[in-house]
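Enquirer: Below is the structure I would like to discuss, written out as structure tokens.
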Amino acid sequence: MQKAKLPLTIDPYKDAQRRMDYEGFIPVSQLSRLGEFVGNVQTDAQVTLSLSVDPQRLTVIKGTAEVDVELGCQRCGNAFTQTLGVEFCFSPVSNMDQADSLPEIYEPVELNEFGQVDLLAMIEDEFILSLPLVPMHESEHCEVSVEEQVFGELPAELASKPNPFAVLANLKKN
């Protein structure tokens with residue numbers, strides 16, 4: 001089955017009443033905000049969405065998304081490919097004041113001025129939030145070996161130098 005390009009926006013209330021499912025992709029060319037945070041967006045984002053109404057009569061947007069991006073390893077400086085996979089469960093709100101009344105299992109997603117959800121922004125936000133704080137290769141694939149990494153011990157020549165902040169300690173005593 002060939003996946004279709006996803007719409008940019010959806011009407012969550014109508015789609016939830018019809019229990020709509022979406023399966024498709026967002027082209028790399030539309031993931032420009034994500035591209036600002038990574039070296040390169042390498043694949044189209046593959047997305048699945050299901051819209052429904054829960055027992056509390058709240059509209060629910062559940063789904064998953066996956067995309068391959070190029071990141072720079074903070075240990076060795078070389079680029080590597082990482083798959084960002086996210087799962088989400090949203091409930092639309094017309095303003096963020098309503099977000100406090102949602103159950104904890106739902107994240108709020110704000111409707112635009114037409115009462116629709118901007119799918120592109122919603123999914124891009126999830127990808128950006130899933131980026132690692134310190135991107136690194138797996139240690140077995142990294143060019144910097146464990147022996148080259150220094151943890152907690154200063155070389156003898158650095159340990160014998162006087163502390164430049166010792167002067168501040170003297171000022172505090174006076």
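Identifiers in the structure tokens: chain A, B, ... in order shown; residue index from 1 per chain; ligand index from 1 in order shown.
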Would you list the contacts of stretch 94-98 of chain A as a PyMOL selection string, taking every protein, DNA or RNA residue within 12 Å and counting only C-alpha atoms, but skipping same-chain residues closer than 3 positions in sequence?
Expert: chain A and resi 12-13+91+101-103+107-117
Enquirer: Limited to N, CA and C atoms, could you put the picked residues into a file as a compact mmCIF listing (two decimals), in the first residue's frame?
Expert:
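Ended up saving to selection-v3.txt:
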```
# COMPACT_ATOMS: atom_id res chain seq x y z
N PRO A 12 -10.44 18.29 13.84
CA PRO A 12 -10.41 17.15 14.75
C PRO A 12 -11.79 16.69 15.22
N TYR A 13 -12.72 17.60 15.37
CA TYR A 13 -14.04 17.23 15.87
C TYR A 13 -14.82 16.40 14.85
N SER A 91 -5.34 16.22 22.71
CA SER A 91 -6.73 16.60 22.70
C SER A 91 -6.78 18.09 22.35
N SER A 101 -7.74 21.68 32.28
CA SER A 101 -8.87 20.80 32.56
C SER A 101 -8.75 19.43 31.87
N LEU A 102 -7.73 19.25 31.05
CA LEU A 102 -7.55 17.96 30.37
C LEU A 102 -6.96 16.92 31.32
N PRO A 103 -7.35 15.66 31.16
CA PRO A 103 -6.69 14.60 31.93
C PRO A 103 -5.20 14.55 31.58
N GLU A 107 -2.06 15.55 25.90
CA GLU A 107 -1.36 16.82 25.73
C GLU A 107 -2.31 17.75 24.98
N PRO A 108 -2.31 19.02 25.33
CA PRO A 108 -3.18 19.94 24.59
C PRO A 108 -2.55 20.31 23.24
N VAL A 109 -3.37 20.48 22.25
CA VAL A 109 -2.94 21.04 20.97
C VAL A 109 -3.94 22.13 20.63
N GLU A 110 -3.43 23.31 20.36
CA GLU A 110 -4.29 24.47 20.15
C GLU A 110 -4.84 24.50 18.73
N LEU A 111 -6.11 24.82 18.63
CA LEU A 111 -6.76 24.96 17.33
C LEU A 111 -6.37 26.29 16.71
N ASN A 112 -6.32 26.34 15.38
CA ASN A 112 -6.06 27.62 14.72
C ASN A 112 -7.35 28.43 14.62
N GLU A 113 -7.30 29.56 13.97
CA GLU A 113 -8.47 30.45 13.91
C GLU A 113 -9.64 29.84 13.14
N PHE A 114 -9.41 28.76 12.40
CA PHE A 114 -10.48 28.10 11.64
C PHE A 114 -11.01 26.86 12.36
N GLY A 115 -10.56 26.63 13.60
CA GLY A 115 -10.99 25.46 14.36
C GLY A 115 -10.34 24.17 13.90
N GLN A 116 -9.17 24.29 13.31
CA GLN A 116 -8.45 23.12 12.82
C GLN A 116 -7.12 22.96 13.54
N VAL A 117 -6.56 21.76 13.46
CA VAL A 117 -5.26 21.46 14.03
C VAL A 117 -4.23 21.49 12.91
```
Enquirer: Fewer than 3 positions away in the same chain doesn't count, so skip those; otherwise give me all residues within 10 Å of A:Met136, counting only C-alpha atoms, as a count of residues only.
Expert: 16
Enquirer: Can you work out the spacing between atom CA of A:Ala156 and atom CA of A:Lys172 in Å, to one decimal?
Expert: 28.5 Å
Enquirer: Excluding A:Leu51 and its own-chain neighbours fewer than 3 positions away, which residues fall within 9 Å of it when counting only C-alpha atoms? Please give them as an MDAnalysis selection string.
Expert: chainID A and resid 12:13 15:22 59:63
Enquirer: Just to confirm, what's the straight-line distance from atom CA of A:Leu34 to atom CA of A:Ile105 in Å (one decimal)?
Expert: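 We find that atom CA of A:Leu34 and atom CA of A:Ile105 lie 25.2 Å from each other.
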Enquirer: When you count only C-alpha atoms, which of these residues is closest to A:Thr81: A:Val167, A:Leu31, A:Val41, A:Leu49?
Expert: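 Using only C-alpha atoms, the shortest distance to A:Thr81 belongs to A:Val41.
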Enquirer: Tell me which of A:Leu6, A:Glu126, A:Asp11, A:Glu143 sits closest to A:Gln30, counting only C-alpha atoms.
Expert: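 The closest residue to A:Gln30 is A:Leu6.
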Enquirer: From the DSSP assignment of the backbone, select every residue of chain A that is alpha helix (DSSP H), and format the answer as an NGL selection string.
Expert: :A and (12-17 or 32-35 or 119-130 or 156-159 or 166-173)
Enquirer: Residues as selected, N, CA and C atoms, written as a compact mmCIF listing (two decimals), in the first residue's frame, can you do that?
Expert:
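Result file follows (out24.txt):
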```
# COMPACT_ATOMS: atom_id res chain seq x y z
N PRO A 12 -10.44 18.29 13.84
CA PRO A 12 -10.41 17.15 14.75
C PRO A 12 -11.79 16.69 15.22
N TYR A 13 -12.72 17.60 15.37
CA TYR A 13 -14.04 17.23 15.87
C TYR A 13 -14.82 16.40 14.85
N LYS A 14 -14.84 16.83 13.59
CA LYS A 14 -15.53 16.08 12.55
C LYS A 14 -14.84 14.74 12.32
N ASP A 15 -13.50 14.76 12.26
CA ASP A 15 -12.76 13.52 12.01
C ASP A 15 -12.91 12.53 13.16
N ALA A 16 -13.00 13.03 14.39
CA ALA A 16 -13.17 12.13 15.55
C ALA A 16 -14.56 11.50 15.54
N GLN A 17 -15.57 12.26 15.14
CA GLN A 17 -16.93 11.71 15.04
C GLN A 17 -16.98 10.58 14.01
N SER A 32 10.95 22.15 7.55
CA SER A 32 12.01 23.16 7.63
C SER A 32 12.35 23.54 9.07
N ARG A 33 11.36 23.59 9.96
CA ARG A 33 11.67 23.93 11.36
C ARG A 33 12.53 22.87 12.00
N LEU A 34 12.24 21.60 11.76
CA LEU A 34 13.07 20.52 12.26
C LEU A 34 14.47 20.62 11.67
N GLY A 35 14.56 20.98 10.40
CA GLY A 35 15.85 21.13 9.72
C GLY A 35 16.76 22.16 10.36
N LEU A 119 -1.40 19.98 11.57
CA LEU A 119 -0.68 18.71 11.72
C LEU A 119 0.82 18.87 11.57
N LEU A 120 1.24 19.67 10.62
CA LEU A 120 2.67 19.85 10.38
C LEU A 120 3.35 20.41 11.63
N ALA A 121 2.81 21.47 12.20
CA ALA A 121 3.41 22.08 13.40
C ALA A 121 3.37 21.12 14.58
N MET A 122 2.26 20.40 14.74
CA MET A 122 2.11 19.47 15.86
C MET A 122 3.17 18.37 15.79
N ILE A 123 3.36 17.79 14.62
CA ILE A 123 4.31 16.69 14.48
C ILE A 123 5.74 17.19 14.53
N GLU A 124 6.00 18.33 13.91
CA GLU A 124 7.36 18.90 13.99
C GLU A 124 7.74 19.22 15.43
N ASP A 125 6.80 19.76 16.20
CA ASP A 125 7.07 20.03 17.62
C ASP A 125 7.46 18.75 18.36
N GLU A 126 6.76 17.66 18.09
CA GLU A 126 7.07 16.39 18.74
C GLU A 126 8.47 15.91 18.37
N PHE A 127 8.85 16.04 17.11
CA PHE A 127 10.20 15.65 16.69
C PHE A 127 11.26 16.51 17.38
N ILE A 128 11.03 17.80 17.44
CA ILE A 128 12.00 18.71 18.06
C ILE A 128 12.15 18.37 19.54
N LEU A 129 11.04 18.08 20.21
CA LEU A 129 11.12 17.72 21.63
C LEU A 129 11.82 16.39 21.86
N SER A 130 11.83 15.51 20.86
CA SER A 130 12.45 14.20 21.02
C SER A 130 13.94 14.19 20.70
N ALA A 156 48.76 15.79 36.28
CA ALA A 156 49.58 16.32 37.38
C ALA A 156 49.98 17.77 37.15
N GLU A 157 50.30 18.15 35.89
CA GLU A 157 50.73 19.53 35.63
C GLU A 157 49.60 20.54 35.86
N LEU A 158 48.34 20.14 35.63
CA LEU A 158 47.22 21.04 35.89
C LEU A 158 46.87 21.07 37.37
N ALA A 159 47.01 19.96 38.05
CA ALA A 159 46.66 19.89 39.47
C ALA A 159 47.61 20.71 40.32
N ALA A 166 41.47 31.40 44.28
CA ALA A 166 41.93 31.48 45.65
C ALA A 166 41.94 32.91 46.14
N VAL A 167 42.17 33.88 45.25
CA VAL A 167 42.16 35.30 45.61
C VAL A 167 40.79 35.70 46.12
N LEU A 168 39.76 35.16 45.53
CA LEU A 168 38.39 35.48 45.94
C LEU A 168 38.12 34.96 47.37
N ALA A 169 38.66 33.81 47.68
CA ALA A 169 38.48 33.26 49.02
C ALA A 169 39.10 34.19 50.07
N ASN A 170 40.27 34.78 49.74
CA ASN A 170 40.91 35.73 50.65
C ASN A 170 40.06 36.98 50.82
N LEU A 171 39.42 37.46 49.77
CA LEU A 171 38.57 38.65 49.85
C LEU A 171 37.37 38.40 50.75
N LYS A 172 36.86 37.18 50.67
CA LYS A 172 35.68 36.82 51.47
C LYS A 172 36.00 36.82 52.96
N LYS A 173 37.22 36.43 53.30
CA LYS A 173 37.64 36.40 54.70
C LYS A 173 37.79 37.81 55.27
```
Enquirer: Run DSSP on the backbone of this structure and report the residues of chain A it assigns to strand (DSSP E), as a ChimeraX atom specification.
Expert: /A:4-5,9-10,21-26,40-41,45-53,59-72,79-93,107-110,117-118
Enquirer: Please save C-alpha atoms of the selected residues as a PDB file, in the first residue's frame.
Expert:
```
ATOM      1  CA  ALA A   4      -0.425   9.346   0.767  1.00  0.00           C
ATOM      2  CA  LYS A   5       0.752  12.824   1.598  1.00  0.00           C
ATOM      3  CA  THR A   9      -4.587  20.704   8.746  1.00  0.00           C
ATOM      4  CA  ILE A  10      -7.496  18.599   9.975  1.00  0.00           C
ATOM      5  CA  ASP A  21      -7.484   7.180  10.529  1.00  0.00           C
ATOM      6  CA  TYR A  22      -4.676   8.784   8.572  1.00  0.00           C
ATOM      7  CA  GLU A  23      -1.573   7.022   7.346  1.00  0.00           C
ATOM      8  CA  GLY A  24       0.867   8.940   5.225  1.00  0.00           C
ATOM      9  CA  PHE A  25       3.931  11.094   5.065  1.00  0.00           C
ATOM     10  CA  ILE A  26       5.095  14.659   5.401  1.00  0.00           C
ATOM     11  CA  ASN A  40      19.866  17.359   7.693  1.00  0.00           C
ATOM     12  CA  VAL A  41      16.390  15.804   7.521  1.00  0.00           C
ATOM     13  CA  ALA A  45       8.215  11.735   8.085  1.00  0.00           C
ATOM     14  CA  GLN A  46       6.032   8.618   8.230  1.00  0.00           C
ATOM     15  CA  VAL A  47       2.895   9.331  10.270  1.00  0.00           C
ATOM     16  CA  THR A  48      -0.145   7.404  11.477  1.00  0.00           C
ATOM     17  CA  LEU A  49      -3.063   9.140  13.225  1.00  0.00           C
ATOM     18  CA  SER A  50      -6.319   7.931  14.730  1.00  0.00           C
ATOM     19  CA  LEU A  51      -9.027  10.331  15.817  1.00  0.00           C
ATOM     20  CA  SER A  52     -11.765   9.326  18.222  1.00  0.00           C
ATOM     21  CA  VAL A  53     -13.981  10.479  21.082  1.00  0.00           C
ATOM     22  CA  THR A  59     -11.681  14.492  21.116  1.00  0.00           C
ATOM     23  CA  VAL A  60      -8.472  12.462  20.970  1.00  0.00           C
ATOM     24  CA  ILE A  61      -5.690  12.468  18.371  1.00  0.00           C
ATOM     25  CA  LYS A  62      -3.406   9.459  18.867  1.00  0.00           C
ATOM     26  CA  GLY A  63      -0.537   8.528  16.654  1.00  0.00           C
ATOM     27  CA  THR A  64       3.071   7.822  15.878  1.00  0.00           C
ATOM     28  CA  ALA A  65       5.623   9.463  13.627  1.00  0.00           C
ATOM     29  CA  GLU A  66       9.125   8.581  12.492  1.00  0.00           C
ATOM     30  CA  VAL A  67      11.847  10.412  10.573  1.00  0.00           C
ATOM     31  CA  ASP A  68      15.584   9.962   9.965  1.00  0.00           C
ATOM     32  CA  VAL A  69      17.805  12.955  10.708  1.00  0.00           C
ATOM     33  CA  GLU A  70      21.516  13.644  10.582  1.00  0.00           C
ATOM     34  CA  LEU A  71      23.068  14.812  13.852  1.00  0.00           C
ATOM     35  CA  GLY A  72      26.616  15.797  14.806  1.00  0.00           C
ATOM     36  CA  ALA A  79      27.782  13.198  11.510  1.00  0.00           C
ATOM     37  CA  PHE A  80      25.544  10.192  12.109  1.00  0.00           C
ATOM     38  CA  THR A  81      21.976   9.207  11.272  1.00  0.00           C
ATOM     39  CA  GLN A  82      19.386   8.836  13.993  1.00  0.00           C
ATOM     40  CA  THR A  83      15.760   7.808  13.712  1.00  0.00           C
ATOM     41  CA  LEU A  84      13.417   9.995  15.724  1.00  0.00           C
ATOM     42  CA  GLY A  85      10.325   8.040  16.675  1.00  0.00           C
ATOM     43  CA  VAL A  86       7.514   9.663  18.640  1.00  0.00           C
ATOM     44  CA  GLU A  87       4.169   8.575  20.045  1.00  0.00           C
ATOM     45  CA  PHE A  88       1.599  11.183  20.953  1.00  0.00           C
ATOM     46  CA  CYS A  89      -1.866  11.552  22.400  1.00  0.00           C
ATOM     47  CA  PHE A  90      -3.420  15.009  21.993  1.00  0.00           C
ATOM     48  CA  SER A  91      -6.735  16.604  22.705  1.00  0.00           C
ATOM     49  CA  PRO A  92      -7.582  19.876  20.928  1.00  0.00           C
ATOM     50  CA  VAL A  93      -8.279  23.057  22.921  1.00  0.00           C
ATOM     51  CA  GLU A 107      -1.356  16.816  25.727  1.00  0.00           C
ATOM     52  CA  PRO A 108      -3.179  19.939  24.590  1.00  0.00           C
ATOM     53  CA  VAL A 109      -2.941  21.036  20.973  1.00  0.00           C
ATOM     54  CA  GLU A 110      -4.287  24.467  20.149  1.00  0.00           C
ATOM     55  CA  VAL A 117      -5.257  21.458  14.032  1.00  0.00           C
ATOM     56  CA  ASP A 118      -2.035  22.260  12.187  1.00  0.00           C
TER      57      ASP A 118
END
```
